[in-house]
>>> print(open('upload_24.pdb').read())   # PDB, C-alpha atoms
ATOM      1  CA  GLN A   1      44.674  60.150 -24.438
ATOM      2  CA  LEU A   2      44.705  59.090 -28.073
ATOM      3  CA  GLN A   3      42.555  61.449 -30.076
ATOM      4  CA  LEU A   4      42.061  63.637 -33.106
ATOM      5  CA  VAL A   5      40.718  67.142 -32.737
ATOM      6  CA  GLU A   6      39.388  69.187 -35.624
ATOM      7  CA  SER A   7      39.296  72.976 -35.643
ATOM      8  CA  GLY A   8      38.902  75.855 -38.049
ATOM      9  CA  GLY A   9      35.272  75.527 -38.976
ATOM     10  CA  GLY A  10      32.881  78.440 -38.985
ATOM     11  CA  LEU A  11      30.616  80.645 -41.043
ATOM     12  CA  VAL A  12      31.925  81.859 -44.381
ATOM     13  CA  GLN A  13      30.355  83.522 -47.399
ATOM     14  CA  PRO A  14      30.198  81.774 -50.768
ATOM     15  CA  GLY A  15      33.517  82.152 -52.532
ATOM     16  CA  GLY A  16      35.383  82.420 -49.252
ATOM     17  CA  SER A  17      38.064  80.242 -47.703
ATOM     18  CA  LEU A  18      38.667  78.277 -44.530
ATOM     19  CA  ARG A  19      41.511  76.114 -43.310
ATOM     20  CA  LEU A  20      40.605  73.123 -41.196
ATOM     21  CA  SER A  21      43.111  71.498 -38.866
ATOM     22  CA  CYS A  22      43.243  67.947 -37.571
ATOM     23  CA  ALA A  23      45.588  67.652 -34.629
ATOM     24  CA  ALA A  24      46.594  64.354 -33.086
ATOM     25  CA  SER A  25      47.475  63.769 -29.478
ATOM     26  CA  GLY A  26      48.846  60.630 -27.903
ATOM     27  CA  PHE A  27      50.214  59.283 -31.183
ATOM     28  CA  THR A  28      52.137  60.554 -34.200
ATOM     29  CA  LEU A  29      50.307  61.128 -37.458
ATOM     30  CA  ASP A  30      53.269  60.697 -39.775
ATOM     31  CA  SER A  31      52.782  56.940 -39.945
ATOM     32  CA  TYR A  32      49.067  57.211 -40.679
ATOM     33  CA  ALA A  33      46.955  57.987 -43.692
ATOM     34  CA  VAL A  34      44.565  60.777 -42.762
ATOM     35  CA  ALA A  35      41.256  61.493 -44.432
ATOM     36  CA  TRP A  36      38.679  64.241 -44.258
ATOM     37  CA  PHE A  37      35.037  63.254 -44.468
ATOM     38  CA  ARG A  38      31.951  65.417 -44.308
ATOM     39  CA  GLN A  39      28.318  64.964 -43.465
ATOM     40  CA  ALA A  40      25.645  67.419 -44.498
ATOM     41  CA  PRO A  41      22.230  67.466 -42.799
ATOM     42  CA  GLY A  42      20.175  64.502 -43.921
ATOM     43  CA  LYS A  43      23.011  62.973 -45.914
ATOM     44  CA  GLU A  44      25.500  60.189 -45.367
ATOM     45  CA  ARG A  45      29.079  60.841 -44.386
ATOM     46  CA  GLY A  46      31.343  60.833 -47.414
ATOM     47  CA  GLY A  47      34.976  61.281 -48.318
ATOM     48  CA  VAL A  48      36.458  64.657 -49.216
ATOM     49  CA  SER A  49      40.211  64.208 -49.336
ATOM     50  CA  CYS A  50      42.988  62.059 -47.920
ATOM     51  CA  ILE A  51      46.752  62.049 -47.592
ATOM     52  CA  SER A  52      48.851  58.937 -47.204
ATOM     53  CA  ASN A  53      51.801  58.389 -44.910
ATOM     54  CA  ILE A  54      54.090  59.306 -47.819
ATOM     55  CA  ASP A  55      51.986  62.300 -48.868
ATOM     56  CA  ASN A  56      50.105  60.810 -51.783
ATOM     57  CA  THR A  57      46.760  62.562 -51.987
ATOM     58  CA  ASN A  58      43.246  61.881 -53.229
ATOM     59  CA  TYR A  59      40.336  64.240 -53.698
ATOM     60  CA  ALA A  60      36.649  63.791 -54.308
ATOM     61  CA  ASP A  61      35.679  65.132 -57.714
ATOM     62  CA  PHE A  62      33.517  67.857 -56.236
ATOM     63  CA  VAL A  63      36.481  69.482 -54.432
ATOM     64  CA  LYS A  64      39.247  69.062 -56.993
ATOM     65  CA  GLY A  65      40.890  72.370 -57.718
ATOM     66  CA  ARG A  66      39.286  74.006 -54.682
ATOM     67  CA  PHE A  67      40.562  72.046 -51.654
ATOM     68  CA  THR A  68      44.140  71.124 -50.739
ATOM     69  CA  ILE A  69      45.193  68.629 -48.101
ATOM     70  CA  SER A  70      48.603  68.791 -46.444
ATOM     71  CA  ARG A  71      50.378  67.699 -43.315
ATOM     72  CA  ASP A  72      52.894  69.217 -40.935
ATOM     73  CA  ASN A  73      54.554  66.373 -39.094
ATOM     74  CA  ALA A  74      56.378  68.744 -36.766
ATOM     75  CA  LYS A  75      52.992  69.944 -35.536
ATOM     76  CA  ASN A  76      51.410  66.487 -35.767
ATOM     77  CA  THR A  77      48.620  68.064 -37.772
ATOM     78  CA  VAL A  78      46.873  67.612 -41.102
ATOM     79  CA  TYR A  79      45.224  70.554 -42.812
ATOM     80  CA  LEU A  80      42.442  71.004 -45.326
ATOM     81  CA  GLN A  81      42.611  74.324 -47.156
ATOM     82  CA  MET A  82      39.202  75.044 -48.637
ATOM     83  CA  ASN A  83      38.849  77.776 -51.249
ATOM     84  CA  SER A  84      35.958  78.924 -53.428
ATOM     85  CA  LEU A  85      33.493  77.547 -50.929
ATOM     86  CA  GLU A  86      29.941  76.873 -52.085
ATOM     87  CA  HIS A  87      26.641  76.482 -50.268
ATOM     88  CA  GLU A  88      26.886  72.747 -50.964
ATOM     89  CA  ASP A  89      30.078  72.530 -48.880
ATOM     90  CA  THR A  90      28.076  73.173 -45.716
ATOM     91  CA  ALA A  91      28.595  70.155 -43.472
ATOM     92  CA  VAL A  92      30.294  68.814 -40.397
ATOM     93  CA  TYR A  93      33.837  67.915 -41.367
ATOM     94  CA  TYR A  94      35.552  64.988 -39.679
ATOM     95  CA  CYS A  95      39.113  63.774 -39.853
ATOM     96  CA  ALA A  96      40.102  60.159 -39.416
ATOM     97  CA  ALA A  97      43.407  58.307 -39.254
ATOM     98  CA  ASP A  98      44.199  54.906 -40.727
ATOM     99  CA  GLY A  99      47.348  53.193 -39.537
ATOM    100  CA  SER A 100      46.594  49.721 -40.815
ATOM    101  CA  TRP A 101      49.513  47.677 -42.119
ATOM    102  CA  SER A 102      48.108  47.436 -45.643
ATOM    103  CA  THR A 103      47.559  51.177 -45.882
ATOM    104  CA  VAL A 104      50.998  52.051 -44.567
ATOM    105  CA  VAL A 105      52.804  49.553 -46.790
ATOM    106  CA  SER A 106      50.903  50.680 -49.893
ATOM    107  CA  GLY A 107      51.602  54.343 -49.242
ATOM    108  CA  SER A 108      48.108  55.129 -50.482
ATOM    109  CA  CYS A 109      44.836  56.346 -49.045
ATOM    110  CA  THR A 110      41.209  55.869 -49.996
ATOM    111  CA  LEU A 111      37.959  57.774 -49.734
ATOM    112  CA  ASP A 112      35.864  54.752 -50.658
ATOM    113  CA  THR A 113      35.079  53.586 -47.155
ATOM    114  CA  LEU A 114      34.710  54.829 -43.607
ATOM    115  CA  ASP A 115      35.713  51.406 -42.329
ATOM    116  CA  GLY A 116      39.147  50.612 -40.977
ATOM    117  CA  MET A 117      39.888  54.001 -39.451
ATOM    118  CA  ASN A 118      41.724  53.751 -36.167
ATOM    119  CA  TYR A 119      40.752  57.180 -34.894
ATOM    120  CA  TRP A 120      38.018  59.723 -35.568
ATOM    121  CA  GLY A 121      37.645  63.296 -34.490
ATOM    122  CA  LYS A 122      34.354  64.743 -33.288
ATOM    123  CA  GLY A 123      33.992  67.099 -36.218
ATOM    124  CA  THR A 124      33.932  70.804 -36.957
ATOM    125  CA  LEU A 125      31.002  72.611 -38.554
ATOM    126  CA  VAL A 126      31.460  74.549 -41.771
ATOM    127  CA  THR A 127      28.582  76.767 -42.853
ATOM    128  CA  VAL A 128      28.687  78.515 -46.195
ATOM    129  CA  SER A 129      26.034  81.194 -46.339
ATOM    130  CA  SER A 130      25.543  84.767 -47.408
TER     131      SER A 130
END
>>> encode(input="upload_24.pdb", output="structure tokens")
Amino acid sequence: QLQLVESGGGLVQPGGSLRLSCAASGFTLDSYAVAWFRQAPGKERGGVSCISNIDNTNYADFVKGRFTISRDNAKNTVYLQMNSLEHEDTAVYYCAADGSWSTVVSGSCTLDTLDGMNYWGKGTLVTVSS
């Protein structure tokens, strides 16, 4: 079965850290751009960070310097290390994979759209609260 599965969410205090994982099964992630999106209650889903097939990365302004995206192709997994977490980071975090020809050839990734993703995970909840 072709799928993405997120894990690593949970309850953390402000200032704390979490590492989210996005594991693929049924296909290999190394030829895909992978993005993390998040959706807070009552808000639209928006981009957080992405990593291209050649490890170029993008970050939303509100996470720059706090979050780091990386991939381990041997484990077929992409990670999102989240440090200095804030109440505003509370959301369901989703990973998505884009293996379109244009994305792969460009070696880039984008947070501008949710469209064009080949696979989505079901999400993992991150709650930042004291």
>>> axis_aligned_box(input="upload_24.pdb", around="stretch 31-43 of chain A", padding_each_side="6 Å", output="AutoDock Vina command-line options")
--center_x 36.5 --center_y 62.2 --center_z -42.9 --size_x 44.6 --size_y 22.5 --size_z 18.0
>>> closest_atom_pairs(input="upload_24.pdb", of="stretch 25-55 of chain A", to="stretch 85-93 of chain A", cutoff="12 Å", atoms="all atoms listed in the file", output="JSON lines")
{"residue": "A:Ala35", "atom": "CA", "partner": "A:Tyr93", "partner_atom": "CA", "distance": 10.3}
{"residue": "A:Trp36", "atom": "CA", "partner": "A:Tyr93", "partner_atom": "CA", "distance": 6.7}
{"residue": "A:Phe37", "atom": "CA", "partner": "A:Tyr93", "partner_atom": "CA", "distance": 5.7}
{"residue": "A:Arg38", "atom": "CA", "partner": "A:Tyr93", "partner_atom": "CA", "distance": 4.3}
{"residue": "A:Gln39", "atom": "CA", "partner": "A:Ala91", "partner_atom": "CA", "distance": 5.2}
{"residue": "A:Ala40", "atom": "CA", "partner": "A:Ala91", "partner_atom": "CA", "distance": 4.2}
{"residue": "A:Pro41", "atom": "CA", "partner": "A:Ala91", "partner_atom": "CA", "distance": 6.9}
{"residue": "A:Gly42", "atom": "CA", "partner": "A:Ala91", "partner_atom": "CA", "distance": 10.2}
{"residue": "A:Lys43", "atom": "CA", "partner": "A:Ala91", "partner_atom": "CA", "distance": 9.4}
{"residue": "A:Glu44", "atom": "CA", "partner": "A:Ala91", "partner_atom": "CA", "distance": 10.6}
{"residue": "A:Arg45", "atom": "CA", "partner": "A:Val92", "partner_atom": "CA", "distance": 9.0}
{"residue": "A:Gly46", "atom": "CA", "partner": "A:Tyr93", "partner_atom": "CA", "distance": 9.6}
{"residue": "A:Gly47", "atom": "CA", "partner": "A:Tyr93", "partner_atom": "CA", "distance": 9.7}
{"residue": "A:Val48", "atom": "CA", "partner": "A:Tyr93", "partner_atom": "CA", "distance": 8.9}
{"residue": "A:Ser49", "atom": "CA", "partner": "A:Tyr93", "partner_atom": "CA", "distance": 10.9}
>>> closest_residue(input="upload_24.pdb", among="A:Gln81, A:Val5, A:Asp30, A:Tyr94", to="A:Leu18", atoms="only C-alpha atoms")
A:Gln81
>>> closest_residue(input="upload_24.pdb", among="A:Thr124, A:Ser102, A:Gln3, A:Asn56", to="A:Leu29", atoms="only C-alpha atoms")
A:Gln3
>>> resolve_selection(input="upload_24.pdb", expression="the PyMOL selection byres ((chain A and resi 107) around 7)", output="list in words")
Ser52, Asn53, Ile54, Thr103, Val104, Val105, Ser106 and Ser108 of chain A
>>> residues_around(input="upload_24.pdb", residues="stretch 21-26 of chain A", least_positions_apart="6", cutoff="8 Å", atoms="only C-alpha atoms", output="PyMOL selection string")
chain A and resi 1-8+75-80+95+121
>>> resolve_selection(input="upload_24.pdb", expression="the PyMOL selection byres ((chain A and resi 64) around 12)", output="PyMOL selection string")
chain A and resi 48-49+57-63+65-69+81-85
>>> atom_distance(input="upload_24.pdb", atom1="atom CA of A:Trp120", atom2="atom CA of A:Asp98")
9.4 Å
>>> closest_residue(input="upload_24.pdb", among="A:Ala97, A:Pro14, A:Arg71, A:Ser130", to="A:Thr110", atoms="all atoms listed in the file")
A:Ala97
>>> atom_distance(input="upload_24.pdb", atom1="atom CA of A:Cys50", atom2="atom CA of A:Val12")
23.0 Å
>>> atom_distance(input="upload_24.pdb", atom1="atom CA of A:Asp72", atom2="atom CA of A:Ser100")
20.5 Å
>>> resolve_selection(input="upload_24.pdb", expression="the PyMOL selection byres ((chain A and resi 10) around 7)", output="PDB file with C-alpha atoms, keeping the file's coordinate frame")
ATOM      1  CA  GLY A   8      38.902  75.855 -38.049  1.00  0.00           C
ATOM      2  CA  GLY A   9      35.272  75.527 -38.976  1.00  0.00           C
ATOM      3  CA  LEU A  11      30.616  80.645 -41.043  1.00  0.00           C
ATOM      4  CA  VAL A  12      31.925  81.859 -44.381  1.00  0.00           C
ATOM      5  CA  LEU A 125      31.002  72.611 -38.554  1.00  0.00           C
ATOM      6  CA  VAL A 126      31.460  74.549 -41.771  1.00  0.00           C
ATOM      7  CA  THR A 127      28.582  76.767 -42.853  1.00  0.00           C
TER       8      THR A 127
END
>>> closest_residue(input="upload_24.pdb", among="A:Ala33, A:Met117, A:Thr28, A:Trp101", to="A:Asn73", atoms="only C-alpha atoms")
A:Thr28
>>> decode(input="upload_24.pdb", residues="stretch 100-118 of chain A", atoms="N, CA, C and O atoms", output="compact mmCIF listing (two decimals), in the first residue's frame")
# COMPACT_ATOMS: atom_id res chain seq x y z
N SER A 100 6.08 14.99 -9.07
CA SER A 100 5.81 15.43 -10.43
C SER A 100 7.11 15.70 -11.19
O SER A 100 8.13 16.06 -10.61
N TRP A 101 7.02 15.53 -12.51
CA TRP A 101 8.22 15.68 -13.35
C TRP A 101 8.86 17.05 -13.18
O TRP A 101 10.06 17.19 -13.05
N SER A 102 8.02 18.10 -13.19
CA SER A 102 8.55 19.46 -13.09
C SER A 102 9.26 19.69 -11.77
O SER A 102 10.30 20.37 -11.71
N THR A 103 8.72 19.14 -10.70
CA THR A 103 9.34 19.32 -9.39
C THR A 103 10.67 18.57 -9.31
O THR A 103 11.66 19.11 -8.82
N VAL A 104 10.69 17.36 -9.81
CA VAL A 104 11.90 16.55 -9.75
C VAL A 104 13.00 17.17 -10.61
O VAL A 104 14.16 17.29 -10.18
N VAL A 105 12.66 17.59 -11.81
CA VAL A 105 13.66 18.16 -12.71
C VAL A 105 14.22 19.47 -12.14
O VAL A 105 15.41 19.74 -12.25
N SER A 106 13.36 20.27 -11.53
CA SER A 106 13.81 21.56 -11.00
C SER A 106 14.66 21.41 -9.75
O SER A 106 15.43 22.30 -9.42
N GLY A 107 14.48 20.28 -9.05
CA GLY A 107 15.22 20.11 -7.80
C GLY A 107 14.79 21.10 -6.73
O GLY A 107 15.56 21.40 -5.81
N SER A 108 13.57 21.59 -6.82
CA SER A 108 13.09 22.58 -5.86
C SER A 108 11.84 22.05 -5.17
O SER A 108 11.34 20.96 -5.49
N CYS A 109 11.34 22.82 -4.23
CA CYS A 109 10.07 22.49 -3.60
C CYS A 109 9.37 23.80 -3.24
O CYS A 109 10.02 24.84 -3.12
N THR A 110 8.06 23.74 -3.07
CA THR A 110 7.31 24.95 -2.80
C THR A 110 6.33 24.73 -1.67
O THR A 110 5.84 23.61 -1.46
N LEU A 111 6.06 25.80 -0.95
CA LEU A 111 5.04 25.79 0.10
C LEU A 111 3.82 26.60 -0.30
O LEU A 111 2.93 26.82 0.50
N ASP A 112 3.80 27.03 -1.56
CA ASP A 112 2.78 27.97 -2.02
C ASP A 112 1.44 27.32 -2.30
O ASP A 112 0.44 28.02 -2.39
N THR A 113 1.43 26.01 -2.49
CA THR A 113 0.19 25.36 -2.85
C THR A 113 0.12 23.95 -2.28
O THR A 113 1.14 23.29 -2.11
N LEU A 114 -1.11 23.53 -1.98
CA LEU A 114 -1.34 22.15 -1.56
C LEU A 114 -1.60 21.26 -2.76
O LEU A 114 -1.64 20.04 -2.64
N ASP A 115 -1.79 21.88 -3.92
CA ASP A 115 -2.12 21.12 -5.12
C ASP A 115 -0.90 20.37 -5.65
O ASP A 115 0.23 20.78 -5.42
N GLY A 116 -1.16 19.30 -6.36
CA GLY A 116 -0.09 18.59 -7.04
C GLY A 116 0.62 17.55 -6.22
O GLY A 116 1.55 16.89 -6.71
N MET A 117 0.23 17.39 -4.95
CA MET A 117 0.87 16.38 -4.12
C MET A 117 0.34 15.00 -4.49
O MET A 117 -0.85 14.80 -4.66
N ASN A 118 1.26 14.06 -4.62
CA ASN A 118 0.86 12.71 -4.98
C ASN A 118 0.32 11.93 -3.78
O ASN A 118 -0.57 11.09 -3.94
